[in-house]
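Trainee: Here it is, the structure, as structure tokens.
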Amino acid sequence: MRWFIFIAIYFLIDLYAYQAVRTVSRNYWIAGLYFIVSISVIITLYYLLSTGGSSDFMKPPKNYFFGIFLVVFIPKLLLVIFMFGEDVMRFLIGMFYSFSENESNFYLPSRRKFISTMALGIAAIPFTSLLYGMVKGRYNFKVLKYELEFDDLPEAFDGYTITQISDIHSGSFDNHDKIKYAVDLINEQQSDTILFTGDLVNNVAEEMHDWKELFSTLKAKDGVFSILGNHDYGDYVRWKNEEEKVKNLNNLKALQAEMGWNLLLNEHRFLKKGNDRIALIGVENWGENGFKKVGDLNKACNGIDTNDFKIVMSHDPSHWKSEVKHDDRNFHLTLSGHTHGMQLGIEIPGWIKWSPIKYRYENWAGIYEEQGRYINVNRGFGYLGYPGRIGIWPEITVIKLKKRQNNA
């Protein structure tokens, strides 16, 4: 029943959007191509979504057809907005004409070719952007570098570098060469440590099997540390029983150990240089907006001194907003991911940083600071759902810690 309603709405939108094409050209070949593409997309999407398990939905090729559906459908929504706006004006003009001329018959002006041409031109922008995001944007890796200064950073850690990656979502990948390029790019930063802030897979541990060997090559002097994100727990899959779900999570944990990663589950490690140390705190997923809350900051901090310099790894930035930044224990730096920057937005450094995700997450991409406490929200390494990125590129973050010099 839901599919019937969806398809009915889809074709109503389709027919209405076609009015713009019909106004510009009455060529039957163009009309035929328009509807052949529309019917092919909806049939293919229905077939792919109605077959296979839920864990396959975000894997190729299903996510490609979801992307193609967006490429075809979103421009039509824009056309509908223009056509509806023009129809409102046509109706008002017709009413005015009928009353002013004392006409007994209602007159409806014809559509204007200029409006339809303009609508098609504007609709071409999301069409080409979504295509570009799928072909080029999803692997357009960017290295973003920051320097953060702290008064109480231990002397031995002045200049200490951290490479953060997040949201790998390995189940979406299909291009080994592109991912190898990105892994090599991470290693080229030669940071003191590499920190991964959750969502290794989309749903199940086996998604990482083809990529385990490649990600095992990530190396840093002080090691690679990781935490779990909301997708790592297998909550978005229909399991036969609870035991199967638990086994999947244990397999994911074991897999990270096999890669040489140090998975922190509501626990901490000390990074040491001589007599100095900083505390690296790994919290399990804790998120607002209905997301899993198994993170336990108190448990993770057990054994940490109040005066220790502290770095928190917590997948969901809403945790920093709700708990971490207000905590009296002074967590100096928090590293998160989760939002992906919605994989869509506009960023021009020094001028504009915008994405629709900002209306749901206060901290959604980049560095934020409040009262000397910082969070970096990584835009994500991989992608989920729509197999692309537009304006919000896959990110490798490099953060250098600096001790603030007090010039008296």
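Each chain in the structure tokens gets a letter, A, B and so on, in the order shown; residues start at 1 in every chain, and ligands are counted from 1 in the order they appear.
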Can you list, as a tab-separated table (two decimals) with C-alpha atoms, in the first residue's frame, every residue of range 41-255 of chain A that DSSP puts in strand (DSSP E or B)?
Mentor:
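Below is the file that was written, result_9.tsv:
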```tsv
chain	number	residue	atom	x	y	z
A	142	LYS	CA	40.52	17.03	1.57
A	143	VAL	CA	43.13	17.42	4.30
A	144	LEU	CA	42.08	20.16	6.73
A	145	LYS	CA	44.71	21.41	9.17
A	146	TYR	CA	44.21	23.28	12.44
A	147	GLU	CA	46.41	24.56	15.26
A	148	LEU	CA	44.85	24.77	18.72
A	149	GLU	CA	46.52	26.53	21.64
A	150	PHE	CA	46.09	25.63	25.30
A	161	THR	CA	49.84	16.16	15.89
A	162	ILE	CA	46.62	14.17	15.62
A	163	THR	CA	45.05	12.89	12.43
A	164	GLN	CA	41.32	12.32	12.85
A	165	ILE	CA	39.14	10.33	10.49
A	193	THR	CA	48.56	9.37	16.48
A	194	ILE	CA	45.55	8.53	14.32
A	195	LEU	CA	42.10	8.69	15.90
A	196	PHE	CA	38.98	7.19	14.31
A	224	VAL	CA	45.70	4.09	15.96
A	225	PHE	CA	42.77	4.46	18.37
A	226	SER	CA	39.07	4.05	17.63
```
Trainee: Taking the backbone alone, and naming residues the way the document does, which bits of range 240-372 of chain A are alpha helix (DSSP H) by DSSP, as a list in words?
Mentor: Glu242, Glu243, Glu244, Lys245, Val246, Lys247, Asn248, Leu249, Asn250, Asn251, Leu252, Lys253, Ala254, Leu255, Gln256, Ala257, Glu258, Leu297, Asn298, Lys299, Ala300, Pro317, Ser318, His319, Trp320, Lys321 and Ser322 of chain A
Trainee: Store the residues picked out above in a file with N, CA and C atoms, as an mmCIF file, in the first residue's frame.
Mentor:
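Below you can see again-v3.cif, which holds the result:
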```
data_model
loop_
_atom_site.group_PDB
_atom_site.id
_atom_site.type_symbol
_atom_site.label_atom_id
_atom_site.label_comp_id
_atom_site.auth_asym_id
_atom_site.auth_seq_id
_atom_site.Cartn_x
_atom_site.Cartn_y
_atom_site.Cartn_z
ATOM 1 N N GLU A 242 18.863 -12.083 19.116
ATOM 2 C CA GLU A 242 19.789 -11.171 19.785
ATOM 3 C C GLU A 242 21.215 -11.713 19.769
ATOM 4 N N GLU A 243 21.344 -13.039 19.831
ATOM 5 C CA GLU A 243 22.682 -13.645 19.832
ATOM 6 C C GLU A 243 23.433 -13.319 18.542
ATOM 7 N N GLU A 244 22.712 -13.312 17.432
ATOM 8 C CA GLU A 244 23.338 -13.002 16.138
ATOM 9 C C GLU A 244 23.820 -11.558 16.097
ATOM 10 N N LYS A 245 23.052 -10.674 16.682
ATOM 11 C CA LYS A 245 23.430 -9.259 16.738
ATOM 12 C C LYS A 245 24.669 -9.065 17.613
ATOM 13 N N VAL A 246 24.689 -9.725 18.752
ATOM 14 C CA VAL A 246 25.846 -9.631 19.657
ATOM 15 C C VAL A 246 27.097 -10.180 18.987
ATOM 16 N N LYS A 247 26.939 -11.284 18.267
ATOM 17 C CA LYS A 247 28.075 -11.882 17.560
ATOM 18 C C LYS A 247 28.635 -10.922 16.520
ATOM 19 N N ASN A 248 27.746 -10.229 15.804
ATOM 20 C CA ASN A 248 28.201 -9.256 14.809
ATOM 21 C C ASN A 248 29.037 -8.151 15.449
ATOM 22 N N LEU A 249 28.577 -7.642 16.584
ATOM 23 C CA LEU A 249 29.328 -6.582 17.262
ATOM 24 C C LEU A 249 30.680 -7.099 17.745
ATOM 25 N N ASN A 250 30.696 -8.314 18.274
ATOM 26 C CA ASN A 250 31.971 -8.890 18.721
ATOM 27 C C ASN A 250 32.925 -9.097 17.551
ATOM 28 N N ASN A 251 32.367 -9.473 16.401
ATOM 29 C CA ASN A 251 33.206 -9.631 15.201
ATOM 30 C C ASN A 251 33.810 -8.298 14.783
ATOM 31 N N LEU A 252 33.029 -7.227 14.911
ATOM 32 C CA LEU A 252 33.533 -5.900 14.543
ATOM 33 C C LEU A 252 34.644 -5.465 15.485
ATOM 34 N N LYS A 253 34.474 -5.753 16.761
ATOM 35 C CA LYS A 253 35.522 -5.423 17.732
ATOM 36 C C LYS A 253 36.796 -6.216 17.452
ATOM 37 N N ALA A 254 36.639 -7.503 17.170
ATOM 38 C CA ALA A 254 37.799 -8.350 16.880
ATOM 39 C C ALA A 254 38.504 -7.903 15.610
ATOM 40 N N LEU A 255 37.729 -7.497 14.632
ATOM 41 C CA LEU A 255 38.290 -7.038 13.367
ATOM 42 C C LEU A 255 39.194 -5.827 13.572
ATOM 43 N N GLN A 256 38.779 -4.904 14.425
ATOM 44 C CA GLN A 256 39.600 -3.722 14.679
ATOM 45 C C GLN A 256 40.904 -4.110 15.370
ATOM 46 N N ALA A 257 40.833 -5.078 16.255
ATOM 47 C CA ALA A 257 42.057 -5.563 16.903
ATOM 48 C C ALA A 257 42.996 -6.194 15.879
ATOM 49 N N GLU A 258 42.423 -6.936 14.925
ATOM 50 C CA GLU A 258 43.227 -7.558 13.866
ATOM 51 C C GLU A 258 43.902 -6.508 12.994
ATOM 52 N N LEU A 297 30.693 8.551 30.198
ATOM 53 C CA LEU A 297 31.856 9.413 30.368
ATOM 54 C C LEU A 297 32.519 9.195 31.724
ATOM 55 N N ASN A 298 31.721 8.987 32.753
ATOM 56 C CA ASN A 298 32.283 8.770 34.093
ATOM 57 C C ASN A 298 33.122 7.499 34.143
ATOM 58 N N LYS A 299 32.598 6.435 33.550
ATOM 59 C CA LYS A 299 33.341 5.173 33.514
ATOM 60 C C LYS A 299 34.631 5.334 32.729
ATOM 61 N N ALA A 300 34.556 6.039 31.602
ATOM 62 C CA ALA A 300 35.736 6.222 30.760
ATOM 63 C C ALA A 300 36.815 7.043 31.463
ATOM 64 N N PRO A 317 28.313 14.659 17.991
ATOM 65 C CA PRO A 317 28.638 15.967 18.583
ATOM 66 C C PRO A 317 27.577 16.482 19.552
ATOM 67 N N SER A 318 26.376 15.908 19.532
ATOM 68 C CA SER A 318 25.362 16.335 20.502
ATOM 69 C C SER A 318 25.782 15.964 21.926
ATOM 70 N N HIS A 319 26.681 14.994 22.055
ATOM 71 C CA HIS A 319 27.205 14.632 23.379
ATOM 72 C C HIS A 319 28.010 15.794 23.971
ATOM 73 N N TRP A 320 28.838 16.417 23.126
ATOM 74 C CA TRP A 320 29.609 17.582 23.584
ATOM 75 C C TRP A 320 28.662 18.708 23.984
ATOM 76 N N LYS A 321 27.669 18.951 23.175
ATOM 77 C CA LYS A 321 26.704 20.019 23.430
ATOM 78 C C LYS A 321 25.955 19.792 24.744
ATOM 79 N N SER A 322 25.548 18.547 25.007
ATOM 80 C CA SER A 322 24.683 18.266 26.146
ATOM 81 C C SER A 322 25.431 17.994 27.440
#
```
Trainee: Tell me, as a list in words, which residues lie within 7 Å of range 156-160 of chain A, counting only C-alpha atoms; anything in the same chain fewer than 2 positions away does not count.
Mentor: Leu153, Pro154, Ile162, Asp192, Lys273, Asp276, Lys400, Leu401, Lys402 and Lys403 of chain A
Trainee: From the set A:Tyr16, A:Tyr46, A:Tyr236, A:Arg22, which residue has the shortest atom-to-atom contact distance to Phe4 in chain A, counting only C-alpha atoms?
Mentor: A:Tyr46
Trainee: Could you tell me how far CA of Leu48 in chain A lies from CA of Phe66 in chain A, in Å and to one decimal?
Mentor: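 Taking CA of Leu48 in chain A as the start and CA of Phe66 in chain A as the end point, the length is 9.2 Å.
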